[in-house]
Structures are given as C-alpha cells and as structure tokens.
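Colleague: Contents of coords00.pdb (PDB, C-alpha atoms) are below:
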```
ATOM      1  CA  MET A   1     113.819 199.365 -22.544  1.00  0.00           C
ATOM      2  CA  THR A   2     113.153 200.675 -26.037  1.00  0.00           C
ATOM      3  CA  PRO A   3     109.487 200.163 -26.959  1.00  0.00           C
ATOM      4  CA  SER A   4     108.295 200.618 -30.508  1.00  0.00           C
ATOM      5  CA  ALA A   5     105.726 203.348 -29.657  1.00  0.00           C
ATOM      6  CA  ARG A   6     103.696 202.247 -32.687  1.00  0.00           C
ATOM      7  CA  LYS A   7     100.437 201.467 -30.907  1.00  0.00           C
ATOM      8  CA  VAL A   8      99.851 204.959 -29.526  1.00  0.00           C
ATOM      9  CA  GLY A   9     101.995 207.240 -31.664  1.00  0.00           C
ATOM     10  CA  GLN A  10     105.420 208.453 -32.654  1.00  0.00           C
ATOM     11  CA  LEU A  11     107.197 210.020 -29.681  1.00  0.00           C
ATOM     12  CA  VAL A  12     108.735 213.483 -30.014  1.00  0.00           C
ATOM     13  CA  LEU A  13     110.676 214.797 -27.002  1.00  0.00           C
ATOM     14  CA  THR A  14     111.470 218.465 -26.379  1.00  0.00           C
ATOM     15  CA  CYS A  15     112.846 220.641 -23.589  1.00  0.00           C
ATOM     16  CA  GLU A  16     112.267 224.394 -23.836  1.00  0.00           C
ATOM     17  CA  HIS A  17     114.036 225.640 -20.688  1.00  0.00           C
ATOM     18  CA  GLY A  18     117.129 223.465 -20.604  1.00  0.00           C
ATOM     19  CA  GLY A  19     119.660 226.114 -19.591  1.00  0.00           C
ATOM     20  CA  ASN A  20     120.315 229.671 -18.531  1.00  0.00           C
ATOM     21  CA  ARG A  21     122.879 230.785 -21.100  1.00  0.00           C
ATOM     22  CA  ILE A  22     122.958 234.386 -22.294  1.00  0.00           C
ATOM     23  CA  PRO A  23     124.597 235.340 -25.617  1.00  0.00           C
ATOM     24  CA  THR A  24     127.731 237.425 -25.127  1.00  0.00           C
ATOM     25  CA  GLU A  25     126.254 240.386 -26.974  1.00  0.00           C
ATOM     26  CA  TYR A  26     123.441 240.628 -24.401  1.00  0.00           C
ATOM     27  CA  ALA A  27     125.530 239.969 -21.316  1.00  0.00           C
ATOM     28  CA  GLY A  28     125.377 243.656 -20.378  1.00  0.00           C
ATOM     29  CA  LEU A  29     121.618 243.435 -19.956  1.00  0.00           C
ATOM     30  CA  PHE A  30     122.100 240.771 -17.299  1.00  0.00           C
ATOM     31  CA  ARG A  31     124.911 242.303 -15.294  1.00  0.00           C
ATOM     32  CA  GLY A  32     124.162 241.602 -11.640  1.00  0.00           C
ATOM     33  CA  ALA A  33     121.407 239.114 -12.558  1.00  0.00           C
ATOM     34  CA  LYS A  34     123.243 235.920 -11.569  1.00  0.00           C
ATOM     35  CA  ALA A  35     120.685 235.024  -8.897  1.00  0.00           C
ATOM     36  CA  ALA A  36     117.771 235.473 -11.283  1.00  0.00           C
ATOM     37  CA  LEU A  37     119.456 233.415 -14.006  1.00  0.00           C
ATOM     38  CA  GLU A  38     120.175 230.575 -11.602  1.00  0.00           C
ATOM     39  CA  SER A  39     116.651 230.584 -10.162  1.00  0.00           C
ATOM     40  CA  HIS A  40     113.440 229.132 -11.602  1.00  0.00           C
ATOM     41  CA  ARG A  41     113.048 232.429 -13.438  1.00  0.00           C
ATOM     42  CA  GLY A  42     116.094 231.691 -15.565  1.00  0.00           C
ATOM     43  CA  TRP A  43     115.670 228.021 -16.399  1.00  0.00           C
ATOM     44  CA  ASP A  44     114.016 224.701 -15.478  1.00  0.00           C
ATOM     45  CA  GLU A  45     116.533 222.979 -13.235  1.00  0.00           C
ATOM     46  CA  GLY A  46     116.742 219.243 -13.883  1.00  0.00           C
ATOM     47  CA  ALA A  47     114.520 219.300 -16.961  1.00  0.00           C
ATOM     48  CA  LEU A  48     117.244 218.774 -19.558  1.00  0.00           C
ATOM     49  CA  GLU A  49     118.925 216.100 -17.447  1.00  0.00           C
ATOM     50  CA  LEU A  50     115.639 214.218 -17.182  1.00  0.00           C
ATOM     51  CA  ALA A  51     114.832 214.705 -20.872  1.00  0.00           C
ATOM     52  CA  ARG A  52     118.216 213.272 -21.857  1.00  0.00           C
ATOM     53  CA  VAL A  53     117.589 210.153 -19.781  1.00  0.00           C
ATOM     54  CA  MET A  54     114.165 209.757 -21.379  1.00  0.00           C
ATOM     55  CA  ALA A  55     115.615 210.190 -24.869  1.00  0.00           C
ATOM     56  CA  ARG A  56     118.388 207.669 -24.230  1.00  0.00           C
ATOM     57  CA  LYS A  57     116.171 205.010 -22.653  1.00  0.00           C
ATOM     58  CA  LEU A  58     113.401 205.382 -25.239  1.00  0.00           C
ATOM     59  CA  GLY A  59     115.726 205.661 -28.214  1.00  0.00           C
ATOM     60  CA  ARG A  60     114.406 208.996 -29.440  1.00  0.00           C
ATOM     61  CA  PRO A  61     116.148 212.253 -30.420  1.00  0.00           C
ATOM     62  CA  LEU A  62     115.757 215.229 -28.114  1.00  0.00           C
ATOM     63  CA  HIS A  63     115.061 218.777 -29.296  1.00  0.00           C
ATOM     64  CA  PHE A  64     116.110 221.331 -26.708  1.00  0.00           C
ATOM     65  CA  THR A  65     117.323 224.839 -26.078  1.00  0.00           C
ATOM     66  CA  THR A  66     119.768 226.117 -23.449  1.00  0.00           C
ATOM     67  CA  TRP A  67     119.232 229.872 -23.805  1.00  0.00           C
ATOM     68  CA  SER A  68     117.685 231.409 -20.713  1.00  0.00           C
ATOM     69  CA  ARG A  69     113.970 232.094 -20.728  1.00  0.00           C
ATOM     70  CA  LEU A  70     114.922 235.559 -19.427  1.00  0.00           C
ATOM     71  CA  LEU A  71     116.392 236.331 -22.859  1.00  0.00           C
ATOM     72  CA  VAL A  72     113.309 235.079 -24.674  1.00  0.00           C
ATOM     73  CA  GLU A  73     110.665 232.603 -23.490  1.00  0.00           C
ATOM     74  CA  SER A  74     110.845 229.543 -25.750  1.00  0.00           C
ATOM     75  CA  ASN A  75     107.502 228.269 -24.499  1.00  0.00           C
ATOM     76  CA  ARG A  76     105.477 231.352 -25.437  1.00  0.00           C
ATOM     77  CA  SER A  77     104.011 232.611 -28.696  1.00  0.00           C
ATOM     78  CA  PRO A  78     105.822 235.582 -30.258  1.00  0.00           C
ATOM     79  CA  THR A  79     102.705 237.732 -29.880  1.00  0.00           C
ATOM     80  CA  ASN A  80     102.489 237.065 -26.134  1.00  0.00           C
ATOM     81  CA  PRO A  81     103.971 240.000 -24.147  1.00  0.00           C
ATOM     82  CA  ARG A  82     105.195 237.480 -21.553  1.00  0.00           C
ATOM     83  CA  ILE A  83     107.701 236.176 -24.069  1.00  0.00           C
ATOM     84  CA  TRP A  84     109.908 239.042 -22.825  1.00  0.00           C
ATOM     85  CA  SER A  85     111.341 239.413 -19.334  1.00  0.00           C
ATOM     86  CA  SER A  86     112.027 242.603 -17.397  1.00  0.00           C
ATOM     87  CA  PHE A  87     115.560 242.412 -18.813  1.00  0.00           C
ATOM     88  CA  THR A  88     114.480 242.491 -22.476  1.00  0.00           C
ATOM     89  CA  GLU A  89     111.007 244.011 -22.682  1.00  0.00           C
ATOM     90  CA  HIS A  90     112.416 247.536 -23.019  1.00  0.00           C
ATOM     91  CA  LEU A  91     114.501 246.714 -26.111  1.00  0.00           C
ATOM     92  CA  PRO A  92     113.528 248.349 -29.422  1.00  0.00           C
ATOM     93  CA  LYS A  93     111.120 246.307 -31.520  1.00  0.00           C
ATOM     94  CA  ALA A  94     113.770 245.662 -34.186  1.00  0.00           C
ATOM     95  CA  GLU A  95     116.131 244.239 -31.570  1.00  0.00           C
ATOM     96  CA  ARG A  96     113.429 242.018 -30.119  1.00  0.00           C
ATOM     97  CA  GLU A  97     112.646 240.765 -33.630  1.00  0.00           C
ATOM     98  CA  ARG A  98     116.318 239.949 -34.034  1.00  0.00           C
ATOM     99  CA  ILE A  99     116.300 237.945 -30.799  1.00  0.00           C
ATOM    100  CA  LEU A 100     113.229 236.052 -31.947  1.00  0.00           C
ATOM    101  CA  GLU A 101     114.852 235.222 -35.248  1.00  0.00           C
ATOM    102  CA  ARG A 102     118.207 234.167 -33.790  1.00  0.00           C
ATOM    103  CA  TRP A 103     117.326 232.536 -30.452  1.00  0.00           C
ATOM    104  CA  TRP A 104     113.598 231.685 -30.445  1.00  0.00           C
ATOM    105  CA  ARG A 105     112.725 230.607 -33.958  1.00  0.00           C
ATOM    106  CA  PRO A 106     115.400 227.904 -34.520  1.00  0.00           C
ATOM    107  CA  HIS A 107     114.035 225.688 -31.737  1.00  0.00           C
ATOM    108  CA  ARG A 108     110.419 226.258 -32.758  1.00  0.00           C
ATOM    109  CA  THR A 109     111.217 225.423 -36.388  1.00  0.00           C
ATOM    110  CA  GLU A 110     113.196 222.322 -35.428  1.00  0.00           C
ATOM    111  CA  VAL A 111     110.318 221.004 -33.336  1.00  0.00           C
ATOM    112  CA  GLU A 112     107.740 221.783 -36.020  1.00  0.00           C
ATOM    113  CA  GLN A 113     109.827 219.901 -38.576  1.00  0.00           C
ATOM    114  CA  ALA A 114     110.236 216.930 -36.234  1.00  0.00           C
ATOM    115  CA  ILE A 115     106.474 216.817 -35.682  1.00  0.00           C
ATOM    116  CA  ALA A 116     105.775 217.013 -39.415  1.00  0.00           C
ATOM    117  CA  ALA A 117     108.249 214.200 -40.133  1.00  0.00           C
ATOM    118  CA  ALA A 118     106.821 211.983 -37.387  1.00  0.00           C
ATOM    119  CA  LEU A 119     103.264 212.554 -38.606  1.00  0.00           C
ATOM    120  CA  LYS A 120     104.168 210.816 -41.845  1.00  0.00           C
ATOM    121  CA  LYS A 121     104.444 207.609 -39.802  1.00  0.00           C
ATOM    122  CA  GLY A 122     101.288 208.119 -37.774  1.00  0.00           C
ATOM    123  CA  ARG A 123      99.954 209.995 -34.795  1.00  0.00           C
ATOM    124  CA  VAL A 124     102.454 211.982 -32.696  1.00  0.00           C
ATOM    125  CA  VAL A 125     102.814 212.003 -28.929  1.00  0.00           C
ATOM    126  CA  HIS A 126     104.785 215.145 -28.106  1.00  0.00           C
ATOM    127  CA  VAL A 127     106.196 215.302 -24.564  1.00  0.00           C
ATOM    128  CA  ALA A 128     107.757 218.615 -23.553  1.00  0.00           C
ATOM    129  CA  VAL A 129     109.859 218.219 -20.394  1.00  0.00           C
ATOM    130  CA  HIS A 130     109.807 220.990 -17.770  1.00  0.00           C
ATOM    131  CA  SER A 131     110.264 221.527 -14.042  1.00  0.00           C
ATOM    132  CA  PHE A 132     108.693 223.835 -11.463  1.00  0.00           C
ATOM    133  CA  THR A 133     109.866 225.482  -8.264  1.00  0.00           C
ATOM    134  CA  PRO A 134     108.375 223.724  -5.200  1.00  0.00           C
ATOM    135  CA  GLU A 135     107.392 227.063  -3.657  1.00  0.00           C
ATOM    136  CA  LEU A 136     106.286 230.273  -5.353  1.00  0.00           C
ATOM    137  CA  ASN A 137     105.383 233.540  -3.619  1.00  0.00           C
ATOM    138  CA  GLY A 138     105.160 231.761  -0.280  1.00  0.00           C
ATOM    139  CA  ARG A 139     102.809 229.064  -1.551  1.00  0.00           C
ATOM    140  CA  VAL A 140     103.964 225.447  -1.417  1.00  0.00           C
ATOM    141  CA  ARG A 141     103.164 223.378  -4.470  1.00  0.00           C
ATOM    142  CA  ASN A 142     101.975 219.971  -3.341  1.00  0.00           C
ATOM    143  CA  ALA A 143     103.156 217.773  -6.188  1.00  0.00           C
ATOM    144  CA  ASP A 144     106.202 215.810  -7.316  1.00  0.00           C
ATOM    145  CA  VAL A 145     105.213 215.064 -10.911  1.00  0.00           C
ATOM    146  CA  THR A 146     102.460 216.619 -12.989  1.00  0.00           C
ATOM    147  CA  VAL A 147     101.234 216.453 -16.578  1.00  0.00           C
ATOM    148  CA  LEU A 148      99.680 219.362 -18.433  1.00  0.00           C
ATOM    149  CA  TYR A 149      97.266 218.727 -21.286  1.00  0.00           C
ATOM    150  CA  ASP A 150      94.011 219.983 -22.784  1.00  0.00           C
ATOM    151  CA  SER A 151      91.274 218.161 -20.854  1.00  0.00           C
ATOM    152  CA  ARG A 152      88.871 218.876 -23.717  1.00  0.00           C
ATOM    153  CA  ARG A 153      90.923 216.459 -25.797  1.00  0.00           C
ATOM    154  CA  LYS A 154      89.793 212.990 -24.810  1.00  0.00           C
ATOM    155  CA  ARG A 155      92.843 211.218 -26.198  1.00  0.00           C
ATOM    156  CA  GLU A 156      95.270 213.469 -24.343  1.00  0.00           C
ATOM    157  CA  THR A 157      93.359 212.839 -21.125  1.00  0.00           C
ATOM    158  CA  GLU A 158      93.350 209.082 -21.682  1.00  0.00           C
ATOM    159  CA  PHE A 159      97.047 208.993 -22.495  1.00  0.00           C
ATOM    160  CA  CYS A 160      97.994 211.036 -19.424  1.00  0.00           C
ATOM    161  CA  ASP A 161      95.816 208.831 -17.218  1.00  0.00           C
ATOM    162  CA  ARG A 162      97.559 205.743 -18.579  1.00  0.00           C
ATOM    163  CA  TRP A 163     101.052 207.246 -18.229  1.00  0.00           C
ATOM    164  CA  MET A 164     100.525 208.450 -14.670  1.00  0.00           C
ATOM    165  CA  ALA A 165      98.983 205.096 -13.697  1.00  0.00           C
ATOM    166  CA  CYS A 166     102.122 203.370 -14.975  1.00  0.00           C
ATOM    167  CA  LEU A 167     104.300 205.807 -13.032  1.00  0.00           C
ATOM    168  CA  HIS A 168     102.254 205.334  -9.849  1.00  0.00           C
ATOM    169  CA  GLU A 169     102.669 201.584 -10.175  1.00  0.00           C
ATOM    170  CA  LEU A 170     106.455 202.008 -10.272  1.00  0.00           C
ATOM    171  CA  ASP A 171     106.491 204.472  -7.350  1.00  0.00           C
ATOM    172  CA  PRO A 172     103.272 204.732  -5.308  1.00  0.00           C
ATOM    173  CA  THR A 173     104.872 207.375  -3.037  1.00  0.00           C
ATOM    174  CA  LEU A 174     104.936 210.050  -5.738  1.00  0.00           C
ATOM    175  CA  ARG A 175     102.497 212.938  -5.462  1.00  0.00           C
ATOM    176  CA  ILE A 176     101.080 213.019  -8.989  1.00  0.00           C
ATOM    177  CA  ARG A 177      98.714 215.707 -10.215  1.00  0.00           C
ATOM    178  CA  ARG A 178      97.230 216.864 -13.514  1.00  0.00           C
ATOM    179  CA  ASN A 179      97.088 220.383 -14.971  1.00  0.00           C
ATOM    180  CA  TYR A 180      98.904 221.722 -11.921  1.00  0.00           C
ATOM    181  CA  PRO A 181     100.509 224.124 -11.103  1.00  0.00           C
ATOM    182  CA  TYR A 182      99.659 225.408 -14.587  1.00  0.00           C
ATOM    183  CA  LEU A 183      96.856 224.753 -17.057  1.00  0.00           C
ATOM    184  CA  GLY A 184      97.733 222.664 -20.074  1.00  0.00           C
ATOM    185  CA  LYS A 185      95.667 224.857 -22.380  1.00  0.00           C
ATOM    186  CA  ALA A 186      97.667 228.018 -21.546  1.00  0.00           C
ATOM    187  CA  ASP A 187      99.864 229.607 -24.212  1.00  0.00           C
ATOM    188  CA  GLY A 188     102.808 227.382 -25.023  1.00  0.00           C
ATOM    189  CA  LEU A 189     104.411 225.193 -27.661  1.00  0.00           C
ATOM    190  CA  THR A 190     101.978 222.291 -27.269  1.00  0.00           C
ATOM    191  CA  THR A 191      99.008 224.672 -27.337  1.00  0.00           C
ATOM    192  CA  ALA A 192     100.268 226.230 -30.565  1.00  0.00           C
ATOM    193  CA  LEU A 193     100.644 222.818 -32.170  1.00  0.00           C
ATOM    194  CA  ARG A 194      97.172 221.722 -31.058  1.00  0.00           C
ATOM    195  CA  LYS A 195      95.782 224.595 -33.088  1.00  0.00           C
ATOM    196  CA  ARG A 196      97.493 223.112 -36.117  1.00  0.00           C
ATOM    197  CA  TYR A 197      96.683 219.422 -35.663  1.00  0.00           C
ATOM    198  CA  PRO A 198      93.575 217.534 -34.472  1.00  0.00           C
ATOM    199  CA  GLU A 199      93.911 215.095 -31.577  1.00  0.00           C
ATOM    200  CA  SER A 200      93.575 212.229 -34.013  1.00  0.00           C
ATOM    201  CA  ARG A 201      97.004 213.310 -35.269  1.00  0.00           C
ATOM    202  CA  TYR A 202      98.716 215.032 -32.352  1.00  0.00           C
ATOM    203  CA  LEU A 203      98.822 214.676 -28.546  1.00  0.00           C
ATOM    204  CA  GLY A 204     100.638 217.532 -26.806  1.00  0.00           C
ATOM    205  CA  ILE A 205     101.697 216.931 -23.202  1.00  0.00           C
ATOM    206  CA  GLU A 206     103.941 218.906 -20.879  1.00  0.00           C
ATOM    207  CA  LEU A 207     105.656 216.911 -18.158  1.00  0.00           C
ATOM    208  CA  GLU A 208     106.486 218.926 -15.028  1.00  0.00           C
ATOM    209  CA  ILE A 209     108.667 217.680 -12.169  1.00  0.00           C
ATOM    210  CA  SER A 210     109.366 219.432  -8.878  1.00  0.00           C
ATOM    211  CA  GLN A 211     112.816 220.974  -8.690  1.00  0.00           C
ATOM    212  CA  GLY A 212     112.826 219.916  -5.052  1.00  0.00           C
ATOM    213  CA  LEU A 213     113.580 216.365  -6.216  1.00  0.00           C
ATOM    214  CA  VAL A 214     116.561 217.282  -8.396  1.00  0.00           C
ATOM    215  CA  GLY A 215     119.794 215.916  -6.966  1.00  0.00           C
ATOM    216  CA  THR A 216     118.116 214.063  -4.081  1.00  0.00           C
ATOM    217  CA  LYS A 217     118.430 210.335  -3.336  1.00  0.00           C
ATOM    218  CA  ARG A 218     115.195 209.832  -5.253  1.00  0.00           C
ATOM    219  CA  TRP A 219     116.391 211.643  -8.384  1.00  0.00           C
ATOM    220  CA  ALA A 220     118.073 208.757 -10.250  1.00  0.00           C
ATOM    221  CA  GLY A 221     115.145 206.438  -9.624  1.00  0.00           C
ATOM    222  CA  LEU A 222     112.624 209.093 -10.624  1.00  0.00           C
ATOM    223  CA  LYS A 223     114.328 209.702 -13.955  1.00  0.00           C
ATOM    224  CA  ALA A 224     114.390 205.982 -14.725  1.00  0.00           C
ATOM    225  CA  ASN A 225     110.779 205.477 -13.645  1.00  0.00           C
ATOM    226  CA  ILE A 226     109.490 208.367 -15.728  1.00  0.00           C
ATOM    227  CA  ALA A 227     111.204 206.994 -18.823  1.00  0.00           C
ATOM    228  CA  GLU A 228     109.994 203.454 -18.146  1.00  0.00           C
ATOM    229  CA  SER A 229     106.415 204.531 -17.455  1.00  0.00           C
ATOM    230  CA  LEU A 230     106.298 206.618 -20.631  1.00  0.00           C
ATOM    231  CA  GLY A 231     107.528 203.652 -22.616  1.00  0.00           C
ATOM    232  CA  ALA A 232     104.839 201.468 -21.070  1.00  0.00           C
ATOM    233  CA  ALA A 233     102.126 204.047 -21.779  1.00  0.00           C
ATOM    234  CA  LEU A 234     103.218 204.298 -25.392  1.00  0.00           C
ATOM    235  CA  GLY A 235     102.936 200.533 -25.720  1.00  0.00           C
TER
END
```
In structure tokens, what does this structure look like?

Modeller:
Amino acid sequence: MTPSARKVGQLVLTCEHGGNRIPTEYAGLFRGAKAALESHRGWDEGALELARVMARKLGRPLHFTTWSRLLVESNRSPTNPRIWSSFTEHLPKAERERILERWWRPHRTEVEQAIAAALKKGRVVHVAVHSFTPELNGRVRNADVTVLYDSRRKRETEFCDRWMACLHELDPTLRIRRNYPYLGKADGLTTALRKRYPESRYLGIELEISQGLVGTKRWAGLKANIAESLGAALG
C-alpha cells in the first residue's frame, strides 16, 4: 500500500540509532566495549529494520545513521551534556567538536533539508523510528509499541490517537502506550524541530517499539502492521 499522504501531511522518516558502528580512528576508545556497543546503550536494535520496511511500503526515502550513540548521540542537541557517553565525554573540546562536525551534523542537516523540502508541499509529519529495551535497571517496561509527542500540541495528539487506533485495529493484542517510557517533549530531534516550526506546519513523532519483539514470530507482522497503520492514519 502506498497512500498519497496528502490529507494529513508529507511524511518524512528518520532513524537516529540505526547501528553501532565506531569509526576506525576511535576504535581504541571502545576497546573491550563490545557488550556495551551491542546492548541498548549502543544502538536501537530493530529500529532500522522496521524503518526500512516502513519506507519501502509507504514509498518514502529514509534518513538514518548507523554510528553508535556511544560515539555521539544523534538524538540530542549539541549543547546537551548527554550527547556524550562515558567513552567520549573526556575528550578535549576540539576533538568533540570534530566528532560533531563529522558524525553528528551530517544526519541533522540531511533531515533538516528533507523537512524544509517537504514543507514546500504542505504540512510535514515526521516519524523518527526508535526502539527501547524491555527492561531497564530491573524495571519491566509494560509496552510493545509507544508514540512520543508533545501533548500540548493538539494536532500531534490527534494524529497519534488516529495512528494507534489504526494499529490496534490491525492487532488488538499489542500493548500500546503514549509518551512512555520517555516523554515526547524531552530533548531530541523532533523537539528541536518543533521549536522551529508551528504545529500547523510540522508534526514531530517518535515511534518506539520494544526490542523484546525483534526477531520473534510476531516481528514480521508487526513491521507490516505499523507501516499499514501509518499509511491509514496519513490518509
């Protein structure tokens, strides 16, 4: 199914934590860090795979990065101290600026340009695809699929309600939640873009799926249903 997406807005798809690659020149910083890189700390397992299915089924380009968030956090503002991990926070300021310029800024610029181009055709619906670990610090996260958005923005709320209703109709067994396990208004790419554009022009939504579903018998169906439900919500 390839809907036109004209009724609600132009769809822009991104994935900020698609891989756990480390540039060769920084490999020494991550010696012995294989477990961390392969964990939820290093990347969003399943997110890029899901985003690619969504892009293919909805006929949209995908903007993504495969550098590990432990090198630099692609979903944080450059002024946020949490953009750096314990592996990179000690680097000299000049070196951190170099990392920002080489491995953070290209994705941010590409997404900003895609948003600007899409806005020429109408309102933008930006969906950033992520995943979360099903358990963190001993606490189980009771959700399969969640959407993060700014609840103060009526149109974002309405769109997420419509999308999740479509998804629930396709699979009533899914545990669907909103603004969980994170808040949609926290520092991130969509939050930064909301500061630039009013909701009449831009809807910024982060899709989060539980990594516990990746690779299970439900995985293929979930990917297809998420893409189909998004298409239906877009109209």

Colleague: Do you know which residues are at most 8 Å from region 99-103 of chain A counting all atoms listed in the file, after dropping those on the same chain fewer than 6 positions away, and could you put them as a ChimeraX atom specification?

Modeller: /A:67,72,78

Colleague: Considering all atoms listed in the file, return as a PyMOL selection string whatever protein or nucleic-acid residues lie within 12 Å of Leu29 (chain A), sequence-local ones (same chain, fewer than 5 positions apart) excluded.

Modeller: chain A and resi 22-24+34+37+70-71+85-91

Colleague: Using the chain letters and numbers from the file, which residues does the PyMOL selection byres ((chain A and resi 45) around 7) grab, as a list in words?

Modeller: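 This file, filtered by the PyMOL selection byres ((chain A and resi 45) around 7), leaves Trp43, Asp44, Gly46, Ala47, Ser131 and Gln211 of chain A.
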
Colleague: Which value, in Å to one decimal, gives the distance between CA of Ile226 (chain A) and CA of Lys195 (chain A)?

Modeller: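 For CA of Ile226 (chain A) relative to CA of Lys195 (chain A), the distance reads 27.4 Å.
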
Colleague: Would you mind listing what lies within 9 Å of Val124 (chain A) as number ranges by chain, with only C-alpha atoms counted and same-chain residues fewer than 3 positions away left out?

Modeller: A: 8-12, 115, 118-119, 121, 200-204

Colleague: What lies within 10 Å of Lys223 (chain A) using only C-alpha atoms, ignoring chain neighbours under 4 positions off, as a list in words?

Modeller: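 That gives Gly46, Glu49, Leu50, Ala51, Arg52, Val53, Met54, Ile209, Val214, Arg218, Trp219, Ala227 and Glu228 of chain A.
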
Colleague: Rounded to one decimal, what separation in Å do you get between CA of Arg153 (chain A) and CA of Pro198 (chain A)?

Modeller: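 Between CA of Arg153 (chain A) and CA of Pro198 (chain A) the gap works out to 9.1 Å.
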
Colleague: Determine the nearest neighbour of Glu206 (chain A) from the options A:Leu230, A:Leu193, A:Ala220, A:Val147, counting all atoms listed in the file.

Modeller: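 Answer, going by the shortest atom-to-atom distance: A:Val147.
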
Colleague: Apply the PyMOL selection byres ((chain A and resi 174) around 8) to the file shown and report the selected residues as a JSON list (two decimals) with C-alpha atoms, in the frame of the given file.

Modeller:
```json
[["chain", "number", "residue", "atom", "x", "y", "z"],
["A", 143, "ALA", "CA", 103.16, 217.77, -6.19],
["A", 144, "ASP", "CA", 106.20, 215.81, -7.32],
["A", 145, "VAL", "CA", 105.21, 215.06, -10.91],
["A", 168, "HIS", "CA", 102.25, 205.33, -9.85],
["A", 171, "ASP", "CA", 106.49, 204.47, -7.35],
["A", 172, "PRO", "CA", 103.27, 204.73, -5.31],
["A", 173, "THR", "CA", 104.87, 207.38, -3.04],
["A", 175, "ARG", "CA", 102.50, 212.94, -5.46],
["A", 176, "ILE", "CA", 101.08, 213.02, -8.99]]
```

Colleague: Run the PyMOL selection byres ((chain A and resi 233) around 8) on the file and write out the hits as a list of chain:residue names.

Modeller: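 This file, filtered by the PyMOL selection byres ((chain A and resi 233) around 8), leaves A:Phe159, A:Arg162, A:Trp163, A:Cys166, A:Ser229, A:Leu230, A:Gly231, A:Ala232, A:Leu234, A:Gly235.
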
Colleague: Kindly indicate which residue among A:Gln113, A:Ser39, A:Thr190, A:Thr216 lies nearest to Asn75 (chain A), using all atoms listed in the file for the distances.

Modeller: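 Answer, going by the shortest atom-to-atom distance: A:Thr190.
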
Colleague: Could you model N, CA and C atoms for region 135-149 of chain A and present them as a short mmCIF file (atom, residue, chain, number, x, y, z; two decimals), in the coordinates of the input?

Modeller:
```
data_model
loop_
_atom_site.label_atom_id
_atom_site.label_comp_id
_atom_site.auth_asym_id
_atom_site.auth_seq_id
_atom_site.Cartn_x
_atom_site.Cartn_y
_atom_site.Cartn_z
N GLU A 135 108.09 226.01 -4.39
CA GLU A 135 107.39 227.06 -3.66
C GLU A 135 107.45 228.35 -4.46
N LEU A 136 106.34 229.03 -4.60
CA LEU A 136 106.29 230.27 -5.35
C LEU A 136 105.45 231.29 -4.59
N ASN A 137 106.07 232.45 -4.34
CA ASN A 137 105.38 233.54 -3.62
C ASN A 137 104.80 233.07 -2.28
N GLY A 138 105.57 232.23 -1.60
CA GLY A 138 105.16 231.76 -0.28
C GLY A 138 104.17 230.61 -0.29
N ARG A 139 103.77 230.16 -1.45
CA ARG A 139 102.81 229.06 -1.55
C ARG A 139 103.51 227.78 -1.96
N VAL A 140 103.35 226.74 -1.14
CA VAL A 140 103.96 225.45 -1.42
C VAL A 140 103.14 224.72 -2.47
N ARG A 141 103.83 224.14 -3.43
CA ARG A 141 103.16 223.38 -4.47
C ARG A 141 103.21 221.90 -4.10
N ASN A 142 102.07 221.33 -3.86
CA ASN A 142 101.98 219.97 -3.34
C ASN A 142 101.93 218.95 -4.47
N ALA A 143 103.07 218.77 -5.12
CA ALA A 143 103.16 217.77 -6.19
C ALA A 143 104.62 217.45 -6.44
N ASP A 144 104.86 216.23 -6.90
CA ASP A 144 106.20 215.81 -7.32
C ASP A 144 106.30 215.77 -8.84
N VAL A 145 105.27 215.21 -9.45
CA VAL A 145 105.21 215.06 -10.91
C VAL A 145 103.82 215.46 -11.38
N THR A 146 103.76 216.25 -12.44
CA THR A 146 102.46 216.62 -12.99
C THR A 146 102.51 216.54 -14.51
N VAL A 147 101.35 216.41 -15.12
CA VAL A 147 101.23 216.45 -16.58
C VAL A 147 100.22 217.53 -16.94
N LEU A 148 100.56 218.30 -17.94
CA LEU A 148 99.68 219.36 -18.43
C LEU A 148 99.18 218.96 -19.82
N TYR A 149 97.87 219.10 -20.01
CA TYR A 149 97.27 218.73 -21.29
C TYR A 149 95.94 219.47 -21.41
#
```
